[in-house]
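Data from final.tsv: TSV, C-alpha atoms and all ligand atoms
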chain	number	residue	atom	x	y	z
G	1	MET	CA	-15.69	-15.41	13.72
G	2	GLN	CA	-14.41	-17.98	11.21
G	3	ARG	CA	-15.32	-16.92	7.64
G	4	ILE	CA	-16.89	-19.30	5.17
G	5	HIS	CA	-14.87	-19.63	1.97
G	6	THR	CA	-15.41	-21.19	-1.43
G	7	ASP	CA	-13.34	-24.24	-2.46
G	8	ASN	CA	-11.35	-21.83	-4.63
G	9	TRP	CA	-9.90	-20.32	-1.45
G	10	PHE	CA	-8.34	-23.63	-0.49
G	11	VAL	CA	-7.40	-25.35	-3.77
G	12	THR	CA	-6.18	-24.27	-7.22
G	13	PRO	CA	-8.33	-24.97	-10.30
G	14	ASP	CA	-6.32	-28.17	-10.86
G	15	GLY	CA	-6.94	-29.39	-7.32
G	16	LYS	CA	-3.65	-28.56	-5.58
G	17	PRO	CA	-3.65	-27.10	-2.05
G	18	ARG	CA	-3.07	-23.35	-2.29
G	19	GLY	CA	-0.17	-21.58	-0.66
G	20	TYR	CA	-1.13	-19.67	2.45
G	21	ILE	CA	0.25	-17.31	5.07
G	22	GLU	CA	-0.38	-17.47	8.81
G	23	PRO	CA	-0.46	-13.92	10.24
G	24	HIS	CA	1.95	-13.70	13.15
G	25	ALA	CA	1.60	-10.06	14.24
G	26	LEU	CA	0.08	-6.69	13.46
G	27	LYS	CA	3.21	-4.62	13.02
G	28	GLU	CA	1.79	-2.25	10.41
G	29	LEU	CA	-1.81	-1.09	9.97
G	30	TRP	CA	-2.75	0.43	6.62
G	31	PHE	CA	-5.76	2.65	6.04
G	32	HIS	CA	-7.17	3.05	2.55
G	33	THR	CA	-8.40	6.63	2.58
G	34	GLY	CA	-10.71	6.10	-0.44
G	35	THR	CA	-10.43	5.59	-4.20
G	36	ALA	CA	-11.12	9.24	-5.03
G	37	CYS	CA	-8.07	10.77	-6.72
G	38	ASN	CA	-7.26	14.03	-8.46
G	39	LEU	CA	-5.52	12.01	-11.22
G	40	GLN	CA	-6.87	9.18	-13.36
G	41	CYS	CA	-4.10	6.77	-14.33
G	42	SER	CA	-5.02	3.85	-16.58
G	43	PHE	CA	-2.70	1.45	-14.72
G	44	CYS	CA	-3.99	2.26	-11.20
G	45	LEU	CA	-4.24	-0.96	-9.17
G	46	GLU	CA	-7.09	0.66	-7.23
G	47	GLY	CA	-8.99	1.96	-10.29
G	48	SER	CA	-8.95	5.37	-8.59
G	49	GLY	CA	-10.04	8.61	-10.23
G	50	PRO	CA	-11.94	11.87	-9.63
G	51	GLY	CA	-15.12	11.17	-7.65
G	52	ASP	CA	-14.53	7.40	-7.49
G	53	THR	CA	-16.39	5.79	-4.56
G	54	ARG	CA	-15.52	2.07	-4.85
G	55	LEU	CA	-13.77	2.62	-1.53
G	56	GLU	CA	-15.19	5.59	0.37
G	57	LEU	CA	-13.31	8.56	1.79
G	58	VAL	CA	-12.59	8.00	5.47
G	59	LYS	CA	-13.21	10.40	8.35
G	60	PHE	CA	-11.53	10.66	11.73
G	61	ALA	CA	-14.47	8.94	13.45
G	62	ASP	CA	-14.10	5.95	11.07
G	63	VAL	CA	-10.41	5.51	11.70
G	64	LYS	CA	-9.98	6.27	15.42
G	65	PRO	CA	-11.53	3.02	16.81
G	66	LEU	CA	-9.22	0.94	14.60
G	67	ILE	CA	-6.15	2.94	15.62
G	68	ASP	CA	-7.18	2.39	19.24
G	69	GLU	CA	-7.76	-1.35	18.73
G	70	SER	CA	-4.44	-1.78	16.91
G	71	LEU	CA	-2.58	-0.19	19.82
G	72	THR	CA	-3.83	-3.03	22.03
G	73	LEU	CA	-2.22	-5.42	19.50
G	74	ASP	CA	1.19	-3.70	19.70
G	75	VAL	CA	1.05	-2.13	16.25
G	76	GLU	CA	4.33	-0.41	15.31
G	77	GLN	CA	3.36	1.81	12.38
G	78	PHE	CA	0.36	3.35	10.62
G	79	SER	CA	0.38	3.75	6.83
G	80	PHE	CA	-2.11	5.52	4.56
G	81	THR	CA	-2.80	4.99	0.88
G	82	GLY	CA	-5.45	5.88	-1.69
G	83	GLY	CA	-6.62	7.07	-4.13
G	84	GLU	CA	-5.05	10.34	-3.13
G	85	PRO	CA	-5.06	10.51	0.69
G	86	PHE	CA	-5.03	14.33	0.69
G	87	LEU	CA	-8.56	14.32	-0.77
G	88	ALA	CA	-9.76	13.04	2.62
G	89	LYS	CA	-10.62	16.31	4.38
G	90	GLN	CA	-9.75	14.98	7.84
G	91	LEU	CA	-6.46	13.33	6.83
G	92	VAL	CA	-4.26	15.74	8.77
G	93	GLN	CA	-6.43	15.34	11.88
G	94	ILE	CA	-6.14	11.56	11.49
G	95	LEU	CA	-2.36	11.76	11.07
G	96	ALA	CA	-1.98	14.07	14.05
G	97	TYR	CA	-3.85	11.54	16.22
G	98	ALA	CA	-2.05	8.46	14.84
G	99	ALA	CA	1.37	10.11	15.18
G	100	THR	CA	0.83	10.69	18.89
G	101	PHE	CA	1.23	6.90	19.20
G	102	LYS	CA	3.37	5.55	16.34
G	103	PRO	CA	5.24	6.64	13.19
G	104	CYS	CA	3.09	7.20	10.10
G	105	LEU	CA	3.70	6.84	6.36
G	106	VAL	CA	1.54	8.50	3.69
G	107	LEU	CA	1.55	7.50	0.01
G	108	THR	CA	0.68	10.45	-2.24
G	109	ASN	CA	0.97	11.47	-5.87
G	110	GLY	CA	2.56	14.70	-4.60
G	111	THR	CA	0.51	16.99	-6.85
G	112	ASP	CA	-2.29	19.54	-6.26
G	113	ALA	CA	-4.19	17.81	-3.45
G	114	LEU	CA	-1.04	17.67	-1.32
G	115	GLN	CA	0.40	21.01	-2.35
G	116	GLN	CA	-2.80	22.93	-1.54
G	117	ARG	CA	-2.57	21.67	2.06
G	118	MET	CA	1.10	22.30	2.83
G	119	ASP	CA	0.31	24.75	5.65
G	120	GLU	CA	-1.71	22.06	7.39
G	121	VAL	CA	0.86	19.37	6.61
G	122	ARG	CA	3.62	21.49	8.17
G	123	THR	CA	1.89	21.21	11.58
G	124	LEU	CA	2.67	17.47	11.57
G	125	LEU	CA	6.34	18.26	12.11
G	126	ALA	CA	5.43	18.83	15.75
G	127	SER	CA	4.04	15.29	16.14
G	128	LYS	CA	5.49	13.03	18.80
G	129	HIS	CA	6.30	10.37	16.17
G	130	PRO	CA	7.48	11.13	12.64
G	131	VAL	CA	5.14	11.36	9.66
G	132	SER	CA	6.91	10.42	6.43
G	133	PHE	CA	5.79	10.48	2.80
G	134	ARG	CA	6.23	8.30	-0.27
G	135	ILE	CA	5.67	10.09	-3.55
G	136	SER	CA	4.91	8.25	-6.80
G	137	ILE	CA	7.39	9.04	-9.54
G	138	ASP	CA	6.80	6.18	-11.95
G	139	TYR	CA	9.80	6.79	-14.22
G	140	PRO	CA	12.83	9.11	-14.06
G	141	THR	CA	11.72	11.15	-17.10
G	142	ALA	CA	8.76	13.50	-17.55
G	143	GLN	CA	7.89	11.86	-20.86
G	144	GLN	CA	7.39	8.37	-19.38
G	145	HIS	CA	5.78	9.51	-16.11
G	146	ASP	CA	3.38	11.97	-17.78
G	147	ALA	CA	2.33	9.34	-20.37
G	148	GLY	CA	0.66	7.42	-17.52
G	149	ARG	CA	-0.39	10.22	-15.16
G	150	GLY	CA	-1.05	13.26	-17.33
G	151	GLU	CA	0.84	16.25	-18.70
G	152	GLY	CA	2.77	18.20	-16.07
G	153	THR	CA	2.38	15.64	-13.27
G	154	PHE	CA	6.09	14.68	-13.24
G	155	SER	CA	7.13	18.22	-12.49
G	156	LYS	CA	4.37	18.63	-9.87
G	157	ALA	CA	5.30	15.38	-8.13
G	158	LEU	CA	8.93	16.49	-7.93
G	159	GLN	CA	7.78	19.85	-6.53
G	160	GLY	CA	5.72	18.08	-3.87
G	161	LEU	CA	8.62	15.77	-3.00
G	162	LYS	CA	11.05	18.69	-2.69
G	163	ALA	CA	8.62	20.79	-0.66
G	164	LEU	CA	8.13	17.99	1.88
G	165	TYR	CA	11.87	17.35	2.04
G	166	ASP	CA	12.65	21.05	2.50
G	167	LEU	CA	10.16	21.24	5.36
G	168	GLY	CA	12.11	18.48	7.09
G	169	PHE	CA	9.93	15.41	6.46
G	170	SER	CA	11.45	12.05	5.61
G	171	VAL	CA	10.53	11.16	2.01
G	172	SER	CA	10.83	8.18	-0.32
G	173	VAL	CA	9.74	7.42	-3.88
G	174	ALA	CA	7.56	4.69	-5.45
G	175	ARG	CA	8.42	3.72	-9.02
G	176	HIS	CA	7.25	1.26	-11.64
G	177	MET	CA	9.29	-1.86	-12.31
G	178	ASP	CA	9.17	-3.13	-15.88
G	179	LYS	CA	9.83	-6.82	-16.56
G	180	ASP	CA	12.75	-6.20	-18.91
G	181	GLU	CA	14.28	-3.16	-17.19
G	182	GLU	CA	17.96	-2.77	-16.35
G	183	ARG	CA	17.57	-2.19	-12.65
G	184	ALA	CA	20.97	-0.58	-12.00
G	185	GLU	CA	20.55	1.82	-14.95
G	186	MET	CA	17.04	2.75	-13.89
G	187	GLU	CA	18.04	3.45	-10.29
G	188	ALA	CA	21.07	5.48	-11.43
G	189	ALA	CA	18.74	7.68	-13.50
G	190	TYR	CA	16.65	8.34	-10.37
G	191	ARG	CA	19.75	9.18	-8.35
G	192	GLU	CA	20.76	11.76	-10.96
G	193	LEU	CA	17.26	13.19	-11.00
G	194	PHE	CA	17.20	13.58	-7.21
G	195	VAL	CA	20.58	15.30	-7.08
G	196	ALA	CA	19.63	17.64	-9.95
G	197	HIS	CA	16.61	18.74	-7.87
G	198	GLY	CA	18.51	19.35	-4.66
G	199	LEU	CA	17.49	16.06	-3.05
G	200	PRO	CA	19.76	13.39	-1.55
G	201	GLY	CA	20.90	10.89	-4.19
G	202	ASP	CA	20.22	8.00	-1.83
G	203	LEU	CA	16.49	8.56	-1.25
G	204	HIS	CA	14.78	5.25	-0.62
G	205	ILE	CA	13.02	3.92	-3.75
G	206	VAL	CA	10.33	1.22	-3.67
G	207	ALA	CA	9.72	-0.52	-7.04
G	208	PHE	CA	6.41	-2.14	-7.95
G	209	PRO	CA	5.52	-4.49	-10.83
G	210	ASP	CA	2.28	-4.01	-12.78
G	211	PHE	CA	-0.48	-5.22	-10.42
G	212	ALA	CA	-3.29	-4.92	-13.03
G	213	THR	CA	-6.53	-3.02	-12.40
G	214	PRO	CA	-9.14	-4.06	-9.75
G	215	GLY	CA	-11.30	-7.03	-10.65
G	216	SER	CA	-9.03	-8.10	-13.53
G	217	LEU	CA	-7.94	-11.72	-13.72
G	218	PRO	CA	-4.57	-11.82	-15.47
G	219	HIS	CA	-3.16	-15.27	-16.07
G	220	VAL	CA	-0.39	-15.93	-13.55
G	221	PRO	CA	0.97	-19.18	-12.12
G	222	GLN	CA	-0.96	-20.51	-9.11
G	223	VAL	CA	0.93	-20.42	-5.80
G	224	THR	CA	0.57	-23.83	-4.15
G	225	THR	CA	1.48	-25.07	-0.69
G	226	HIS	CA	4.29	-26.98	-2.41
G	227	CYS	CA	5.67	-23.67	-3.89
G	228	MET	CA	5.54	-22.00	-0.48
G	229	THR	CA	7.35	-24.82	1.30
G	230	THR	CA	9.88	-25.55	-1.47
G	231	TYR	CA	10.88	-22.01	-2.48
G	232	GLN	CA	10.13	-20.12	0.75
G	233	THR	CA	11.21	-20.69	4.33
G	234	GLU	CA	9.41	-20.16	7.61
G	235	LYS	CA	11.36	-16.93	7.95
G	236	SER	CA	10.63	-15.63	4.41
G	237	ARG	CA	6.92	-16.43	4.80
G	238	LYS	CA	6.89	-14.04	7.76
G	239	ASP	CA	8.00	-11.22	5.45
G	240	PHE	CA	4.84	-11.33	3.30
G	241	MET	CA	2.69	-8.26	4.02
G	242	CYS	CA	-0.29	-10.38	5.01
G	243	ALA	CA	1.86	-12.03	7.70
G	244	PHE	CA	2.38	-8.82	9.66
G	245	SER	CA	-0.06	-6.18	8.40
G	246	LYS	CA	-3.71	-5.52	7.58
G	247	MET	CA	-5.50	-2.87	5.57
G	248	VAL	CA	-8.75	-1.19	6.55
G	249	VAL	CA	-11.11	0.19	3.89
G	250	LYS	CA	-14.52	1.86	4.01
G	251	LYS	CA	-17.17	0.11	1.90
G	252	GLN	CA	-20.90	0.89	2.03
G	253	GLY	CA	-20.39	2.96	5.15
G	254	GLN	CA	-18.60	0.17	7.07
G	255	MET	CA	-14.94	-0.10	7.99
G	256	LYS	CA	-13.65	-3.50	6.85
G	257	VAL	CA	-10.38	-5.28	7.54
G	258	TYR	CA	-8.64	-6.78	4.49
G	259	ALA	CA	-5.67	-9.13	4.45
G	260	CYS	CA	-3.24	-6.67	2.84
G	261	THR	CA	-3.00	-3.55	0.67
G	262	LEU	CA	-3.25	-5.53	-2.58
G	263	VAL	CA	-6.50	-7.52	-2.34
G	264	ASP	CA	-9.41	-5.15	-1.61
G	265	ASP	CA	-11.22	-6.18	-4.84
G	266	ASP	CA	-12.00	-9.73	-3.68
G	267	GLU	CA	-14.63	-10.22	-0.97
G	268	GLU	CA	-12.99	-13.45	0.21
G	269	TYR	CA	-10.25	-11.25	1.67
G	270	ASP	CA	-12.79	-9.22	3.68
G	271	GLN	CA	-12.02	-10.28	7.26
G	272	GLY	CA	-14.83	-8.40	8.99
G	273	SER	CA	-14.52	-5.46	11.31
G	274	SER	CA	-12.24	-6.73	14.10
G	275	LEU	CA	-8.46	-6.53	13.75
G	276	THR	CA	-8.08	-8.89	16.70
G	277	GLU	CA	-10.22	-11.58	15.08
G	278	SER	CA	-8.61	-11.10	11.67
G	279	LEU	CA	-5.22	-12.13	13.05
G	280	SER	CA	-6.38	-15.69	13.67
G	281	GLU	CA	-7.38	-16.32	10.04
G	282	ARG	CA	-5.00	-18.06	7.62
G	283	ILE	CA	-4.65	-16.10	4.35
G	284	SER	CA	-4.94	-18.04	1.10
G	285	MET	CA	-2.68	-17.03	-1.79
G	286	LYS	CA	-5.55	-17.24	-4.26
G	287	HIS	CA	-5.41	-13.66	-5.58
G	288	HIS	CA	-3.41	-13.05	-8.77
G	289	ARG	CA	-1.37	-10.38	-6.93
G	290	CYS	CA	-0.17	-13.04	-4.48
G	291	TYR	CA	2.02	-14.30	-7.31
G	292	SER	CA	3.83	-10.91	-7.36
G	293	CYS	CA	4.58	-11.32	-3.66
G	294	PHE	CA	5.81	-14.86	-4.29
G	295	ALA	CA	7.88	-14.12	-7.39
G	296	TYR	CA	9.14	-10.55	-6.79
G	297	GLY	CA	8.81	-10.12	-3.03
G	298	SER	CA	6.40	-7.23	-3.66
G	299	SER	CA	5.62	-5.26	-0.54
G	300	CYS	CA	4.09	-1.85	0.11
G	301	SER	CA	5.74	-1.80	3.52
G	302	GLU	CA	8.81	0.14	4.56
G	303	ALA	CA	8.62	-1.43	8.03
I	401	LIG	S1	-1.15	-10.15	-2.29
I	401	LIG	FE1	0.71	-10.73	-1.12
I	401	LIG	S2	0.44	-9.83	0.89
I	401	LIG	FE2	-1.58	-9.84	-0.11
I	401	LIG	S3	-2.64	-11.73	0.51
I	401	LIG	FE3	-1.51	-12.18	-1.38
I	401	LIG	S4	0.50	-12.93	-0.69
I	401	LIG	FE4	-0.43	-11.90	1.04
Just give me the structure of the file as structure tokens.
Ligand code: SF4
Amino acid sequence: MQRIHTDNWFVTPDGKPRGYIEPHALKELWFHTGTACNLQCSFCLEGSGPGDTRLELVKFADVKPLIDESLTLDVEQFSFTGGEPFLAKQLVQILAYAATFKPCLVLTNGTDALQQRMDEVRTLLASKHPVSFRISIDYPTAQQHDAGRGEGTFSKALQGLKALYDLGFSVSVARHMDKDEERAEMEAAYRELFVAHGLPGDLHIVAFPDFATPGSLPHVPQVTTHCMTTYQTEKSRKDFMCAFSKMVVKKQGQMKVYACTLVDDDEEYDQGSSLTESLSERISMKHHRCYSCFAYGSSCSEA
């Protein structure tokens, strides 16, 4: 079904054709497990917090049909984000099912919700395909991390990271990327931190710029078709998340396909309930977060 869009989807406020991405595959399927979280961080791009229901907690019965449909589209990986995914009671059941088909990645804050379920999590080691974890450690010091996430969360996140690693899971870290940071210095500080905690110094780190909170409209340059053809190539356009992935969220009791992990606060990116149909729709780069993809190559994917 072709969606009806406003003019704003197609042209910038000054009348230029917007940049766009043509999806070419469904390599990675993301599930948003819900915006409930055990932490409440002011910077959260999802606006998550305790009891939040903007996006609802998912159950196995919600997710299974989409896993099954994606397998017919040759999906290569399943990824899960929140909120805090471990607040979804059936998360481990969902992962056990998904990992019978393809590798899985779970994004977690690594604190209480994960640590209380380690016995259950351990069972995933027996899965046919690996389940790996990405833990958020925003900065390499407790002072900076705890300022955003709450007292004691740095130490708990490191505990969660180490516990998963010691069990034998593959782990990586998500960090914040400040505009004026010295990248090499920042990454060296993480390497030291990992080694000091008995972790490999070369753990994979994914850095994210500030995406702003849901519904906000920060002023960023508009991405036009001219930008996408002058500064990007056919090959680089295929690396945008919306070119090879989708995200599914639960809103008002319905599972909905969105164009990527970054745009679930704009209904124009709601692509309905069919993954198959969503792949034929061109994605406009109208959202302010599209500029981060254009300028910084932002991607939630490890695929
Ligand atoms: S935020 Fe990035 S991945 Fe998402 S629709 Fe915009 S350009 Fe595509």
Self-check item: Within 8 Å of range 151-157 of chain G using only C-alpha atoms, minus same-chain residues under 4 positions, as number ranges by chain
Solution: G: 109-112, 135-137, 141-142, 145-147, 161
Please, which residues have at least one atom within 8 Å of an atom of ligand LIG 401 (chain I), using all atoms listed in the file, listed as a compact mmCIF listing (two decimals) with C-alpha atoms, keeping the file's coordinate frame?
# COMPACT_ATOMS: atom_id res chain seq x y z
CA TYR G 20 -1.13 -19.67 2.45
CA ILE G 21 0.25 -17.31 5.07
CA PHE G 240 4.84 -11.33 3.30
CA MET G 241 2.69 -8.26 4.02
CA CYS G 242 -0.29 -10.38 5.01
CA ALA G 243 1.86 -12.03 7.70
CA ALA G 259 -5.67 -9.13 4.45
CA CYS G 260 -3.24 -6.67 2.84
CA THR G 261 -3.00 -3.55 0.67
CA LEU G 262 -3.25 -5.53 -2.58
CA VAL G 263 -6.50 -7.52 -2.34
CA TYR G 269 -10.25 -11.25 1.67
CA ILE G 283 -4.65 -16.10 4.35
CA SER G 284 -4.94 -18.04 1.10
CA MET G 285 -2.68 -17.03 -1.79
CA LYS G 286 -5.55 -17.24 -4.26
CA HIS G 287 -5.41 -13.66 -5.58
CA HIS G 288 -3.41 -13.05 -8.77
CA ARG G 289 -1.37 -10.38 -6.93
CA CYS G 290 -0.17 -13.04 -4.48
CA TYR G 291 2.02 -14.30 -7.31
CA SER G 292 3.83 -10.91 -7.36
CA CYS G 293 4.58 -11.32 -3.66
CA PHE G 294 5.81 -14.86 -4.29
CA SER G 298 6.40 -7.23 -3.66
CA SER G 299 5.62 -5.26 -0.54
Exercise. Choose the residue, out of G:Pro65, G:Gly82, G:Pro13, G:Gly19, that has the smallest atom-to-atom separation from His226 in chain G; count only C-alpha atoms.
Key: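 The closest residue to His226 in chain G is G:Gly19.
Counting all atoms listed in the file, the residue from G:Leu279, G:Leu124, G:Leu105, G:Val220 that sits nearest to Ser172 in chain G is G:Leu105.
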Write out as a tab-separated table (two decimals) with C-alpha atoms, keeping the file's coordinate frame the residues lying within 8 Å of range 48-50 of chain G, counting all atoms listed in the file and excluding same-chain residues fewer than 5 positions away.
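This is the output file around-v5.tsv:
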chain	number	residue	atom	x	y	z
G	35	THR	CA	-10.43	5.59	-4.20
G	36	ALA	CA	-11.12	9.24	-5.03
G	37	CYS	CA	-8.07	10.77	-6.72
G	38	ASN	CA	-7.26	14.03	-8.46
G	39	LEU	CA	-5.52	12.01	-11.22
G	40	GLN	CA	-6.87	9.18	-13.36
G	41	CYS	CA	-4.10	6.77	-14.33
G	82	GLY	CA	-5.45	5.88	-1.69
G	83	GLY	CA	-6.62	7.07	-4.13
Self-check item: From G:Leu55, G:Leu199, G:Val249, G:Leu71, residue lying nearest Leu26 in chain G [all atoms listed in the file]
Solution: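 Closest to Leu26 in chain G, using all atoms listed in the file: G:Leu71.
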Exercise. Can you work out which one of G:Leu66, G:Ala174, G:Val75, G:Val195 has the shortest atom-to-atom distance to Ala25 in chain G, counting all atoms listed in the file?
Key: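 For Ala25 in chain G, the nearest of the candidates is G:Val75.
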Quiz item: So, counting all atoms listed in the file, which residue among G:Gly201, G:Phe101, G:Phe10, G:Thr33 is closest to Ala188 in chain G?
Solution: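 Looking only at the distances to Ala188 in chain G, the closest residue turns out to be G:Gly201.
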Using all atoms of range 229-239 of chain G that appear in the file, construct an axis-aligned enclosing box with 6 Å of padding on every side and provide its centre coordinates and edge lengths in Å, rounded to one decimal, as JSON.
{"center_x": 9.1, "center_y": -18.4, "center_z": 2.7, "size_x": 16.5, "size_y": 26.3, "size_z": 22.4}
